[in-house]
file my_file33.cif (mmCIF, C-alpha atoms)
data_model
loop_
_atom_site.label_atom_id
_atom_site.label_comp_id
_atom_site.auth_asym_id
_atom_site.auth_seq_id
_atom_site.Cartn_x
_atom_site.Cartn_y
_atom_site.Cartn_z
CA MET A 26 -0.03 10.13 16.83
CA GLN A 27 2.56 9.01 14.33
CA PHE A 28 6.29 8.98 15.05
CA ASP A 29 9.30 8.28 12.89
CA VAL A 30 11.41 6.51 15.49
CA ARG A 31 15.16 6.53 14.87
CA LEU A 32 17.20 3.42 15.53
CA PHE A 33 20.94 3.21 16.03
CA ALA A 34 23.68 0.59 16.01
CA LEU A 35 22.41 -2.83 17.15
CA TYR A 36 18.74 -1.83 16.83
CA ARG A 37 19.24 -0.33 13.36
CA GLU A 38 20.88 -3.52 12.16
CA ARG A 39 18.31 -5.82 13.72
CA ALA A 40 15.40 -3.84 12.28
CA GLY A 41 17.15 -3.45 8.94
CA SER A 42 16.24 0.24 8.96
CA SER A 43 17.33 3.46 10.66
CA VAL A 44 13.77 4.78 10.91
CA VAL A 45 10.59 2.99 11.92
CA THR A 46 7.18 4.64 11.66
CA VAL A 47 4.68 3.76 14.39
CA ASP A 48 1.17 4.89 15.18
CA VAL A 49 0.22 5.18 18.86
CA PRO A 50 -2.80 6.58 20.73
CA ASP A 51 -2.78 10.32 21.49
CA ASP A 52 -2.18 9.68 25.21
CA ALA A 53 0.68 7.26 24.55
CA THR A 54 3.71 7.21 26.80
CA VAL A 55 7.30 6.36 25.94
CA GLY A 56 6.71 2.80 27.14
CA VAL A 57 3.69 2.38 24.87
CA LEU A 58 5.69 3.60 21.90
CA SER A 59 8.64 1.35 22.61
CA ASP A 60 6.26 -1.62 22.94
CA ALA A 61 4.75 -0.69 19.57
CA VAL A 62 8.18 -0.78 17.94
CA ARG A 63 8.96 -4.11 19.61
CA ALA A 64 5.70 -5.54 18.31
CA LEU A 65 6.83 -4.68 14.79
CA TYR A 66 10.34 -6.03 15.39
CA PRO A 67 10.31 -8.86 17.95
CA ARG A 68 13.96 -9.46 17.09
CA LEU A 69 15.04 -6.02 18.39
CA ALA A 70 15.77 -7.15 21.96
CA PRO A 71 14.92 -10.11 24.19
CA PRO A 72 11.62 -9.61 26.06
CA GLU A 73 13.32 -9.25 29.46
CA VAL A 74 15.48 -6.33 28.30
CA ARG A 75 14.21 -2.76 28.77
CA ILE A 76 14.85 -0.61 25.72
CA VAL A 77 16.18 2.84 26.57
CA VAL A 78 14.41 5.68 24.79
CA ALA A 79 15.48 9.26 24.12
CA VAL A 80 12.91 11.99 23.48
CA ASN A 81 14.20 15.23 21.96
CA ALA A 82 17.80 14.15 22.67
CA GLU A 83 17.21 13.44 26.37
CA TYR A 84 16.82 10.10 28.17
CA ALA A 85 13.16 9.45 28.93
CA ASP A 86 11.32 7.28 31.47
CA ASP A 87 8.71 4.82 30.23
CA ASP A 88 5.88 6.82 31.82
CA GLN A 89 6.81 10.10 30.11
CA ALA A 90 4.05 11.49 27.89
CA LEU A 91 4.71 12.05 24.20
CA ASN A 92 3.79 15.11 22.16
CA PRO A 93 3.33 15.42 18.41
CA GLY A 94 6.62 16.22 16.71
CA ASP A 95 8.82 14.75 19.45
CA GLU A 96 12.02 13.24 18.13
CA VAL A 97 12.11 9.70 19.49
CA CYS A 98 15.15 7.41 19.33
CA LEU A 99 15.82 3.95 20.70
CA ILE A 100 19.19 3.83 22.44
CA PRO A 101 21.08 0.51 22.62
CA PRO A 102 23.58 0.08 25.49
CA VAL A 103 26.59 2.38 25.05
CA SER A 104 30.17 1.19 25.24
CA GLY A 105 30.28 0.69 29.00
CA GLY A 106 33.38 0.87 31.13
CA ARG A 107 35.56 -1.76 29.51
CA GLY A 108 37.70 0.36 27.20
CA MET B 22 36.12 22.38 22.99
CA ILE B 23 33.71 19.57 22.12
CA ILE B 24 34.31 17.77 18.82
CA LEU B 25 32.43 14.91 17.17
CA THR B 26 33.89 14.08 13.78
CA ASP B 27 34.57 11.27 11.33
CA GLU B 28 38.00 12.76 10.61
CA PRO B 29 41.25 11.78 12.41
CA LEU B 30 41.64 13.50 15.79
CA ASP B 31 44.43 15.94 16.65
CA PRO B 32 45.34 15.38 20.32
CA VAL B 33 47.76 18.32 20.37
CA ALA B 34 45.11 20.77 19.26
CA VAL B 35 42.63 19.38 21.80
CA THR B 36 45.25 19.62 24.56
CA ASP B 37 46.31 23.14 23.60
CA SER B 38 42.70 24.31 23.80
CA VAL B 39 42.64 23.89 27.60
CA ARG B 40 46.14 25.22 28.38
CA LYS B 41 46.25 28.43 30.38
CA ASP B 42 49.01 30.11 32.34
CA GLY B 43 47.11 29.65 35.59
CA ASN B 44 47.18 25.87 35.18
CA GLY B 45 50.22 23.85 36.25
CA ALA B 46 48.93 20.47 35.10
CA VAL B 47 47.42 19.12 31.91
CA VAL B 48 46.28 15.50 31.60
CA THR B 49 45.32 14.16 28.18
CA PHE B 50 43.76 10.73 27.68
CA LEU B 51 43.84 8.99 24.32
CA GLY B 52 41.54 6.09 23.60
CA THR B 53 42.99 4.02 20.74
CA THR B 54 41.88 0.96 18.81
CA ARG B 55 43.33 -2.15 20.46
CA ASP B 56 44.21 -5.07 18.20
CA ASN B 57 42.52 -7.76 20.30
CA PHE B 58 39.50 -8.63 22.42
CA GLY B 59 39.00 -11.87 24.33
CA GLY B 60 41.86 -13.59 22.52
CA LYS B 61 40.55 -12.65 19.09
CA THR B 62 42.24 -10.33 16.63
CA VAL B 63 40.41 -7.05 16.16
CA THR B 64 40.89 -5.62 12.68
CA ARG B 65 39.13 -2.29 13.20
CA LEU B 66 36.48 -0.46 15.22
CA GLU B 67 33.47 1.37 13.99
CA TYR B 68 31.72 4.10 15.99
CA GLU B 69 28.18 5.27 15.42
CA ALA B 70 26.72 8.32 17.18
CA TYR B 71 23.37 9.97 17.70
CA ASP B 72 25.08 13.25 16.85
CA VAL B 73 22.79 15.86 18.40
CA MET B 74 22.39 14.02 21.68
CA ALA B 75 26.04 12.92 21.78
CA ILE B 76 27.23 16.52 21.59
CA LYS B 77 24.68 17.57 24.20
CA LYS B 78 25.82 14.77 26.54
CA LEU B 79 29.51 15.51 25.96
CA GLU B 80 28.79 19.11 26.96
CA GLU B 81 27.00 17.84 30.06
CA VAL B 82 30.00 15.69 30.97
CA ARG B 83 32.30 18.70 30.57
CA ASP B 84 30.06 21.05 32.56
CA SER B 85 29.38 18.61 35.40
CA LEU B 86 33.08 17.77 35.77
CA CYS B 87 34.12 21.41 35.75
CA ALA B 88 31.63 21.99 38.57
CA ASP B 89 32.51 18.83 40.54
CA TYR B 90 36.29 19.29 40.35
CA GLY B 91 36.49 23.09 40.27
CA ILE B 92 38.13 22.99 36.86
CA GLU B 93 37.92 25.77 34.31
CA ASP B 94 37.78 23.80 31.09
CA ILE B 95 37.78 20.28 29.71
CA ALA B 96 38.11 19.43 26.03
CA ILE B 97 36.65 16.27 24.51
CA ALA B 98 36.96 14.98 20.95
CA HIS B 99 35.32 11.75 19.78
CA ARG B 100 35.73 10.17 16.40
CA THR B 101 32.96 8.33 14.56
CA GLY B 102 33.01 5.88 11.68
CA ARG B 103 35.84 3.46 11.01
CA VAL B 104 38.90 3.69 13.28
CA ASP B 105 41.73 1.34 12.41
CA VAL B 106 44.07 -0.36 14.91
CA GLY B 107 46.37 2.12 16.61
CA TYR B 108 44.32 5.17 15.69
CA ILE B 109 42.69 7.52 18.20
CA SER B 110 38.93 7.45 18.80
CA LEU B 111 38.76 9.61 21.94
CA VAL B 112 40.75 12.54 23.31
CA VAL B 113 40.01 14.04 26.72
CA ALA B 114 42.16 16.94 27.92
CA VAL B 115 41.89 18.41 31.40
CA ALA B 116 43.88 21.34 32.73
CA SER B 117 44.01 22.25 36.39
CA PRO B 118 46.16 24.36 38.69
CA HIS B 119 47.38 21.10 40.31
CA ARG B 120 47.90 17.58 38.96
CA VAL B 121 45.74 15.47 41.29
CA LYS B 122 42.49 17.04 40.20
CA ALA B 123 43.52 16.89 36.56
CA PHE B 124 44.17 13.13 36.77
CA GLU B 125 40.98 12.46 38.72
CA ALA B 126 38.76 14.58 36.49
CA CYS B 127 40.20 13.04 33.33
CA HIS B 128 39.56 9.50 34.62
CA GLU B 129 36.02 10.41 35.64
CA ALA B 130 35.38 12.14 32.31
CA VAL B 131 36.12 8.93 30.42
CA ASN B 132 33.85 6.95 32.79
CA ARG B 133 30.96 9.36 32.28
CA ILE B 134 31.45 9.49 28.51
CA LYS B 135 31.22 5.70 28.32
CA THR B 136 28.09 5.69 30.48
CA ILE B 137 25.83 8.43 29.17
CA VAL B 138 26.97 9.52 25.70
CA PRO B 139 25.05 7.78 22.88
CA ILE B 140 28.03 6.59 20.86
CA TRP B 141 28.24 2.91 19.99
CA LYS B 142 31.31 0.83 19.30
CA LYS B 143 31.47 -2.17 16.98
CA GLU B 144 34.44 -4.51 17.00
CA TRP B 145 35.36 -6.15 13.73
CA PHE B 146 37.16 -9.49 13.72
CA ALA B 147 38.44 -11.56 10.83
CA ASP B 148 35.29 -13.70 11.06
CA GLY B 149 32.57 -11.25 12.10
CA SER B 150 31.68 -8.33 14.33
CA ARG B 151 29.85 -7.40 17.53
CA TRP B 152 28.39 -4.29 19.14
CA VAL B 153 30.21 -3.74 22.43
CA ALA B 154 28.15 -3.75 25.66
CA CYS B 155 25.15 -5.39 24.01
CA GLU B 156 25.69 -8.79 25.65
CA ASP B 157 22.37 -8.58 27.49
CA HIS B 158 20.66 -8.36 24.11
CA GLU B 159 21.64 -11.87 23.05
CA PHE B 160 18.65 -14.11 22.50
CA THR B 161 18.33 -17.37 24.36
CA ASP B 162 17.16 -20.45 22.43
CA GLU B 163 13.68 -19.93 23.79
CA ALA B 164 13.57 -16.32 22.67
CA GLU B 165 14.87 -17.36 19.25
CA HIS B 166 12.04 -19.85 18.97
CA HIS B 167 9.53 -17.17 19.93
CA HIS B 168 11.11 -14.83 17.41
CA ALA B 169 10.91 -17.35 14.58
CA HIS B 170 7.25 -17.85 15.38
CA ALA B 171 6.59 -14.10 15.46
CA GLU B 172 8.37 -13.64 12.13
CA ARG B 173 6.24 -16.25 10.43
CA HIS B 174 3.18 -14.44 11.76
CA THR B 175 4.47 -11.10 10.47
CA ALA B 176 5.15 -12.59 7.06
CA ALA B 177 1.65 -14.05 6.98
CA VAL B 178 0.00 -10.65 7.49
CA GLY B 179 2.38 -8.99 5.06
CA ASP B 180 3.36 -6.31 7.54
CA ASP B 181 7.10 -6.37 7.16
#

call {"tool": "encode", "arguments": {"input": "my_file33.cif", "output": "structure tokens"}}
result
Amino acid sequence: MQFDVRLFALYRERAGSSVVTVDVPDDATVGVLSDAVRALYPRLAPPEVRIVVAVNAEYADDDQALNPGDEVCLIPPVSGGRG
Amino acid sequence: MIILTDEPLDPVAVTDSVRKDGNGAVVTFLGTTRDNFGGKTVTRLEYEAYDVMAIKKLEEVRDSLCADYGIEDIAIAHRTGRVDVGYISLVVAVASPHRVKAFEACHEAVNRIKTIVPIWKKEWFADGSRWVACEDHEFTDEAEHHHAHAERHTAAVGDD
């Protein structure tokens, strides 16, 4: 399956692009897809950091299955409670 | 009322949208661009949103707070793009029959917005910028070394 993965903010800047196309096996999970993006862009996040993923505008666990046509986005940390 | 816009926000309009005769208290929070962070001068902020999901999550914040606090309506407006010092980036208005719940719900609304809504804030300084809350994404020297190695590999296979 092929996905055009959207990147925002920190991830968009580090990848130098707001969309990254990745090919994953048909039974791929969210975790597999996020690993595929990281393999293309090792600079996206340090290895120890989990990248949060949204599928169809909802937060997704790494073991969630993907379906063709899903809208997948990588979500950097949001502003937090400091403001 | 849920608004996500790159235009200046109108706190009076947002506040008026939740006013009803059965409510004796209205609390409105304004988030504004502060001119400093960590001793450095901030020149402006920049907000980026995943629009569709941000609106969905703002609606979730509103609906969950209305249920949790027994409140009829909460209005939220968030600005995106460049927001200069002193300007408003967030308006949250809560109306309630009594003030205590209005204060509490407004405070909690801001907490939830900053936790679950995919809107990112970048601080601009005279000498650079940083994405707020991304501290755990800094690379250590070791990771940088690994990265440099990986990049050379990528370049070698012409896959970048």

call {"tool": "atom_distance", "arguments": {"input": "my_file33.cif", "atom1": "CA of Ala96 (chain B)", "atom2": "CA of Val33 (chain B)"}}
result
11.2 Å

call {"tool": "atom_distance", "arguments": {"input": "my_file33.cif", "atom1": "CA of Ala126 (chain B)", "atom2": "CA of Val106 (chain B)"}}
result
26.8 Å

call {"tool": "closest_residue", "arguments": {"input": "my_file33.cif", "among": "A:Asp95, A:Asp60, A:Asp87, A:Glu73", "to": "chain B", "atoms": "only C-alpha atoms"}}
result
A:Glu73

call {"tool": "interface_residues", "arguments": {"input": "my_file33.cif", "of": "chain B", "to": "chain A", "cutoff": "7 Å", "atoms": "all atoms listed in the file", "output": "ChimeraX atom specification"}}
result
/B:69,73-74,132,135-136,139-142,152-155,158,160,164,168,171

call {"tool": "residues_around", "arguments": {"input": "my_file33.cif", "residues": "Asp86 (chain A)", "least_positions_apart": "3", "cutoff": "8 Å", "atoms": "only C-alpha atoms", "output": "PyMOL selection string"}}
result
chain A and resi 55-56+78+89

call {"tool": "write_last_selection", "arguments": {"input": "my_file33.cif", "atoms": "C-alpha atoms", "output": "PDB file, in the coordinates of the input"}}
result
ATOM      1  CA  VAL A  55       7.300   6.360  25.940  1.00  0.00           C
ATOM      2  CA  GLY A  56       6.710   2.800  27.140  1.00  0.00           C
ATOM      3  CA  VAL A  78      14.410   5.680  24.790  1.00  0.00           C
ATOM      4  CA  GLN A  89       6.810  10.100  30.110  1.00  0.00           C
TER       5      GLN A  89
END

call {"tool": "closest_residue", "arguments": {"input": "my_file33.cif", "among": "B:Val39, B:Leu30, B:Val82, B:Ala88", "to": "Ile109 (chain B)", "atoms": "all atoms listed in the file"}}
result
B:Leu30

call {"tool": "residues_near_point", "arguments": {"input": "my_file33.cif", "point": "(44.7, 22.8, 29.4)", "cutoff": "6 Å", "atoms": "all atoms listed in the file", "output": "number ranges by chain"}}
result
B: 36, 39-41, 47, 115-116

call {"tool": "residues_around", "arguments": {"input": "my_file33.cif", "residues": "region 40-48 of chain A", "least_positions_apart": "5", "cutoff": "6 Å", "atoms": "all atoms listed in the file", "output": "compact mmCIF listing (two decimals) with C-alpha atoms, in the coordinates of the input"}}
result
# COMPACT_ATOMS: atom_id res chain seq x y z
CA MET A 26 -0.03 10.13 16.83
CA GLN A 27 2.56 9.01 14.33
CA PHE A 28 6.29 8.98 15.05
CA ASP A 29 9.30 8.28 12.89
CA VAL A 30 11.41 6.51 15.49
CA ARG A 31 15.16 6.53 14.87
CA LEU A 32 17.20 3.42 15.53

call {"tool": "closest_residue", "arguments": {"input": "my_file33.cif", "among": "A:Ala85, A:Pro50, A:Val62, A:Val77", "to": "Leu99 (chain A)", "atoms": "all atoms listed in the file"}}
result
A:Val77

call {"tool": "atom_distance", "arguments": {"input": "my_file33.cif", "atom1": "CA of Ala75 (chain B)", "atom2": "CA of Val121 (chain B)"}}
result
27.8 Å

call {"tool": "closest_residue", "arguments": {"input": "my_file33.cif", "among": "B:Ile97, B:Leu66, B:Leu79, B:Ala130", "to": "Arg151 (chain B)", "atoms": "all atoms listed in the file"}}
result
B:Leu66

call {"tool": "residues_around", "arguments": {"input": "my_file33.cif", "residues": "Ala53 (chain A)", "least_positions_apart": "5", "cutoff": "9 Å", "atoms": "all atoms listed in the file", "output": "PyMOL selection string"}}
result
chain A and resi 26+58+88-92

call {"tool": "residues_around", "arguments": {"input": "my_file33.cif", "residues": "Tyr90 (chain B)", "least_positions_apart": "3", "cutoff": "10 Å", "atoms": "only C-alpha atoms", "output": "PDB file with C-alpha atoms, keeping the file's coordinate frame"}}
result
ATOM      1  CA  SER B  85      29.380  18.610  35.400  1.00  0.00           C
ATOM      2  CA  LEU B  86      33.080  17.770  35.770  1.00  0.00           C
ATOM      3  CA  CYS B  87      34.120  21.410  35.750  1.00  0.00           C
ATOM      4  CA  GLU B  93      37.920  25.770  34.310  1.00  0.00           C
ATOM      5  CA  SER B 117      44.010  22.250  36.390  1.00  0.00           C
ATOM      6  CA  LYS B 122      42.490  17.040  40.200  1.00  0.00           C
ATOM      7  CA  ALA B 123      43.520  16.890  36.560  1.00  0.00           C
ATOM      8  CA  GLU B 125      40.980  12.460  38.720  1.00  0.00           C
ATOM      9  CA  ALA B 126      38.760  14.580  36.490  1.00  0.00           C
TER      10      ALA B 126
END

call {"tool": "axis_aligned_box", "arguments": {"input": "my_file33.cif", "around": "region 97-114 of chain B", "padding_each_side": "8 Å", "output": "lines of an AutoDock Vina configuration file"}}
result
center_x = 39.7
center_y = 8.3
center_z = 19.5
size_x = 29.4
size_y = 33.3
size_z = 32.9

call {"tool": "resolve_selection", "arguments": {"input": "my_file33.cif", "expression": "the PyMOL selection byres ((chain B and resi 27) around 6)", "output": "PyMOL selection string"}}
result
chain B and resi 26+28+100-102

call {"tool": "closest_residue", "arguments": {"input": "my_file33.cif", "among": "B:Lys78, B:His119, B:Arg83, B:Lys61", "to": "Ala46 (chain B)", "atoms": "only C-alpha atoms"}}
result
B:His119

call {"tool": "build_atoms", "arguments": {"input": "my_file33.cif", "residues": "region 29-40 of chain A", "atoms": "all heavy atoms", "output": "PDB file, keeping the file's coordinate frame"}}
result
ATOM      1  N   ASP A  29       8.208   8.934  13.610  1.00  0.00           N
ATOM      2  CA  ASP A  29       9.300   8.280  12.890  1.00  0.00           C
ATOM      3  C   ASP A  29      10.416   8.045  13.914  1.00  0.00           C
ATOM      4  O   ASP A  29      11.171   8.961  14.247  1.00  0.00           O
ATOM      5  CB  ASP A  29       9.813   9.169  11.752  1.00  0.00           C
ATOM      6  CG  ASP A  29       8.782   9.315  10.652  1.00  0.00           C
ATOM      7  OD1 ASP A  29       7.989   8.369  10.452  1.00  0.00           O
ATOM      8  OD2 ASP A  29       8.745  10.377  10.002  1.00  0.00           O
ATOM      9  N   VAL A  30      10.478   6.834  14.407  1.00  0.00           N
ATOM     10  CA  VAL A  30      11.410   6.510  15.490  1.00  0.00           C
ATOM     11  C   VAL A  30      12.769   6.149  14.893  1.00  0.00           C
ATOM     12  O   VAL A  30      12.860   5.304  13.995  1.00  0.00           O
ATOM     13  CB  VAL A  30      10.883   5.327  16.323  1.00  0.00           C
ATOM     14  CG1 VAL A  30      11.850   4.984  17.443  1.00  0.00           C
ATOM     15  CG2 VAL A  30       9.503   5.654  16.875  1.00  0.00           C
ATOM     16  N   ARG A  31      13.808   6.813  15.396  1.00  0.00           N
ATOM     17  CA  ARG A  31      15.160   6.530  14.870  1.00  0.00           C
ATOM     18  C   ARG A  31      15.805   5.395  15.655  1.00  0.00           C
ATOM     19  O   ARG A  31      15.700   5.323  16.877  1.00  0.00           O
ATOM     20  CB  ARG A  31      16.034   7.799  14.965  1.00  0.00           C
ATOM     21  CG  ARG A  31      15.547   8.925  14.068  1.00  0.00           C
ATOM     22  CD  ARG A  31      16.405  10.155  14.246  1.00  0.00           C
ATOM     23  NE  ARG A  31      17.770   9.935  13.753  1.00  0.00           N
ATOM     24  CZ  ARG A  31      18.745  10.830  13.888  1.00  0.00           C
ATOM     25  NH1 ARG A  31      18.527  11.977  14.496  1.00  0.00           N
ATOM     26  NH2 ARG A  31      19.947  10.573  13.413  1.00  0.00           N
ATOM     27  N   LEU A  32      16.499   4.560  14.922  1.00  0.00           N
ATOM     28  CA  LEU A  32      17.200   3.420  15.530  1.00  0.00           C
ATOM     29  C   LEU A  32      18.690   3.541  15.244  1.00  0.00           C
ATOM     30  O   LEU A  32      19.081   3.962  14.157  1.00  0.00           O
ATOM     31  CB  LEU A  32      16.680   2.102  14.944  1.00  0.00           C
ATOM     32  CG  LEU A  32      15.170   1.870  14.959  1.00  0.00           C
ATOM     33  CD1 LEU A  32      14.848   0.544  14.283  1.00  0.00           C
ATOM     34  CD2 LEU A  32      14.636   1.874  16.381  1.00  0.00           C
ATOM     35  N   PHE A  33      19.488   3.129  16.205  1.00  0.00           N
ATOM     36  CA  PHE A  33      20.940   3.210  16.030  1.00  0.00           C
ATOM     37  C   PHE A  33      21.591   1.842  16.286  1.00  0.00           C
ATOM     38  O   PHE A  33      21.052   1.005  17.003  1.00  0.00           O
ATOM     39  CB  PHE A  33      21.543   4.223  17.014  1.00  0.00           C
ATOM     40  CG  PHE A  33      21.147   5.634  16.735  1.00  0.00           C
ATOM     41  CD1 PHE A  33      20.051   6.192  17.374  1.00  0.00           C
ATOM     42  CD2 PHE A  33      21.832   6.400  15.798  1.00  0.00           C
ATOM     43  CE1 PHE A  33      19.672   7.498  17.108  1.00  0.00           C
ATOM     44  CE2 PHE A  33      21.463   7.698  15.524  1.00  0.00           C
ATOM     45  CZ  PHE A  33      20.371   8.254  16.181  1.00  0.00           C
ATOM     46  N   ALA A  34      22.769   1.694  15.709  1.00  0.00           N
ATOM     47  CA  ALA A  34      23.680   0.590  16.010  1.00  0.00           C
ATOM     48  C   ALA A  34      22.967  -0.770  15.974  1.00  0.00           C
ATOM     49  O   ALA A  34      22.411  -1.138  14.941  1.00  0.00           O
ATOM     50  CB  ALA A  34      24.371   0.850  17.351  1.00  0.00           C
ATOM     51  N   LEU A  35      22.993  -1.480  17.105  1.00  0.00           N
ATOM     52  CA  LEU A  35      22.410  -2.830  17.150  1.00  0.00           C
ATOM     53  C   LEU A  35      20.950  -2.826  16.708  1.00  0.00           C
ATOM     54  O   LEU A  35      20.522  -3.700  15.942  1.00  0.00           O
ATOM     55  CB  LEU A  35      22.521  -3.376  18.581  1.00  0.00           C
ATOM     56  CG  LEU A  35      21.969  -4.792  18.797  1.00  0.00           C
ATOM     57  CD1 LEU A  35      22.901  -5.829  18.192  1.00  0.00           C
ATOM     58  CD2 LEU A  35      21.774  -5.063  20.286  1.00  0.00           C
ATOM     59  N   TYR A  36      20.167  -1.853  17.164  1.00  0.00           N
ATOM     60  CA  TYR A  36      18.740  -1.830  16.830  1.00  0.00           C
ATOM     61  C   TYR A  36      18.542  -1.545  15.334  1.00  0.00           C
ATOM     62  O   TYR A  36      17.664  -2.113  14.696  1.00  0.00           O
ATOM     63  CB  TYR A  36      17.994  -0.776  17.665  1.00  0.00           C
ATOM     64  CG  TYR A  36      17.991  -1.063  19.149  1.00  0.00           C
ATOM     65  CD1 TYR A  36      17.798  -0.042  20.075  1.00  0.00           C
ATOM     66  CD2 TYR A  36      18.171  -2.357  19.632  1.00  0.00           C
ATOM     67  CE1 TYR A  36      17.786  -0.296  21.433  1.00  0.00           C
ATOM     68  CE2 TYR A  36      18.175  -2.613  20.993  1.00  0.00           C
ATOM     69  CZ  TYR A  36      17.980  -1.584  21.898  1.00  0.00           C
ATOM     70  OH  TYR A  36      17.975  -1.849  23.236  1.00  0.00           O
ATOM     71  N   ARG A  37      19.338  -0.649  14.795  1.00  0.00           N
ATOM     72  CA  ARG A  37      19.240  -0.330  13.360  1.00  0.00           C
ATOM     73  C   ARG A  37      19.512  -1.594  12.532  1.00  0.00           C
ATOM     74  O   ARG A  37      18.790  -1.891  11.580  1.00  0.00           O
ATOM     75  CB  ARG A  37      20.257   0.765  13.007  1.00  0.00           C
ATOM     76  CG  ARG A  37      20.353   1.091  11.521  1.00  0.00           C
ATOM     77  CD  ARG A  37      21.341   2.211  11.249  1.00  0.00           C
ATOM     78  NE  ARG A  37      22.649   1.961  11.843  1.00  0.00           N
ATOM     79  CZ  ARG A  37      23.524   1.075  11.398  1.00  0.00           C
ATOM     80  NH1 ARG A  37      23.259   0.372  10.326  1.00  0.00           N
ATOM     81  NH2 ARG A  37      24.677   0.890  12.010  1.00  0.00           N
ATOM     82  N   GLU A  38      20.542  -2.319  12.923  1.00  0.00           N
ATOM     83  CA  GLU A  38      20.880  -3.520  12.160  1.00  0.00           C
ATOM     84  C   GLU A  38      19.815  -4.598  12.302  1.00  0.00           C
ATOM     85  O   GLU A  38      19.469  -5.267  11.332  1.00  0.00           O
ATOM     86  CB  GLU A  38      22.243  -4.067  12.614  1.00  0.00           C
ATOM     87  CG  GLU A  38      23.384  -3.190  12.157  1.00  0.00           C
ATOM     88  CD  GLU A  38      24.742  -3.800  12.454  1.00  0.00           C
ATOM     89  OE1 GLU A  38      24.796  -4.853  13.125  1.00  0.00           O
ATOM     90  OE2 GLU A  38      25.743  -3.210  12.031  1.00  0.00           O
ATOM     91  N   ARG A  39      19.304  -4.759  13.524  1.00  0.00           N
ATOM     92  CA  ARG A  39      18.310  -5.820  13.720  1.00  0.00           C
ATOM     93  C   ARG A  39      16.995  -5.508  13.022  1.00  0.00           C
ATOM     94  O   ARG A  39      16.309  -6.406  12.556  1.00  0.00           O
ATOM     95  CB  ARG A  39      18.089  -6.054  15.222  1.00  0.00           C
ATOM     96  CG  ARG A  39      19.248  -6.837  15.824  1.00  0.00           C
ATOM     97  CD  ARG A  39      19.001  -7.206  17.264  1.00  0.00           C
ATOM     98  NE  ARG A  39      20.002  -8.164  17.725  1.00  0.00           N
ATOM     99  CZ  ARG A  39      20.137  -8.558  18.981  1.00  0.00           C
ATOM    100  NH1 ARG A  39      19.335  -8.067  19.917  1.00  0.00           N
ATOM    101  NH2 ARG A  39      21.064  -9.427  19.304  1.00  0.00           N
ATOM    102  N   ALA A  40      16.644  -4.225  12.961  1.00  0.00           N
ATOM    103  CA  ALA A  40      15.400  -3.840  12.280  1.00  0.00           C
ATOM    104  C   ALA A  40      15.606  -3.748  10.773  1.00  0.00           C
ATOM    105  O   ALA A  40      14.647  -3.767  10.008  1.00  0.00           O
ATOM    106  CB  ALA A  40      14.900  -2.507  12.828  1.00  0.00           C
TER     107      ALA A  40
END
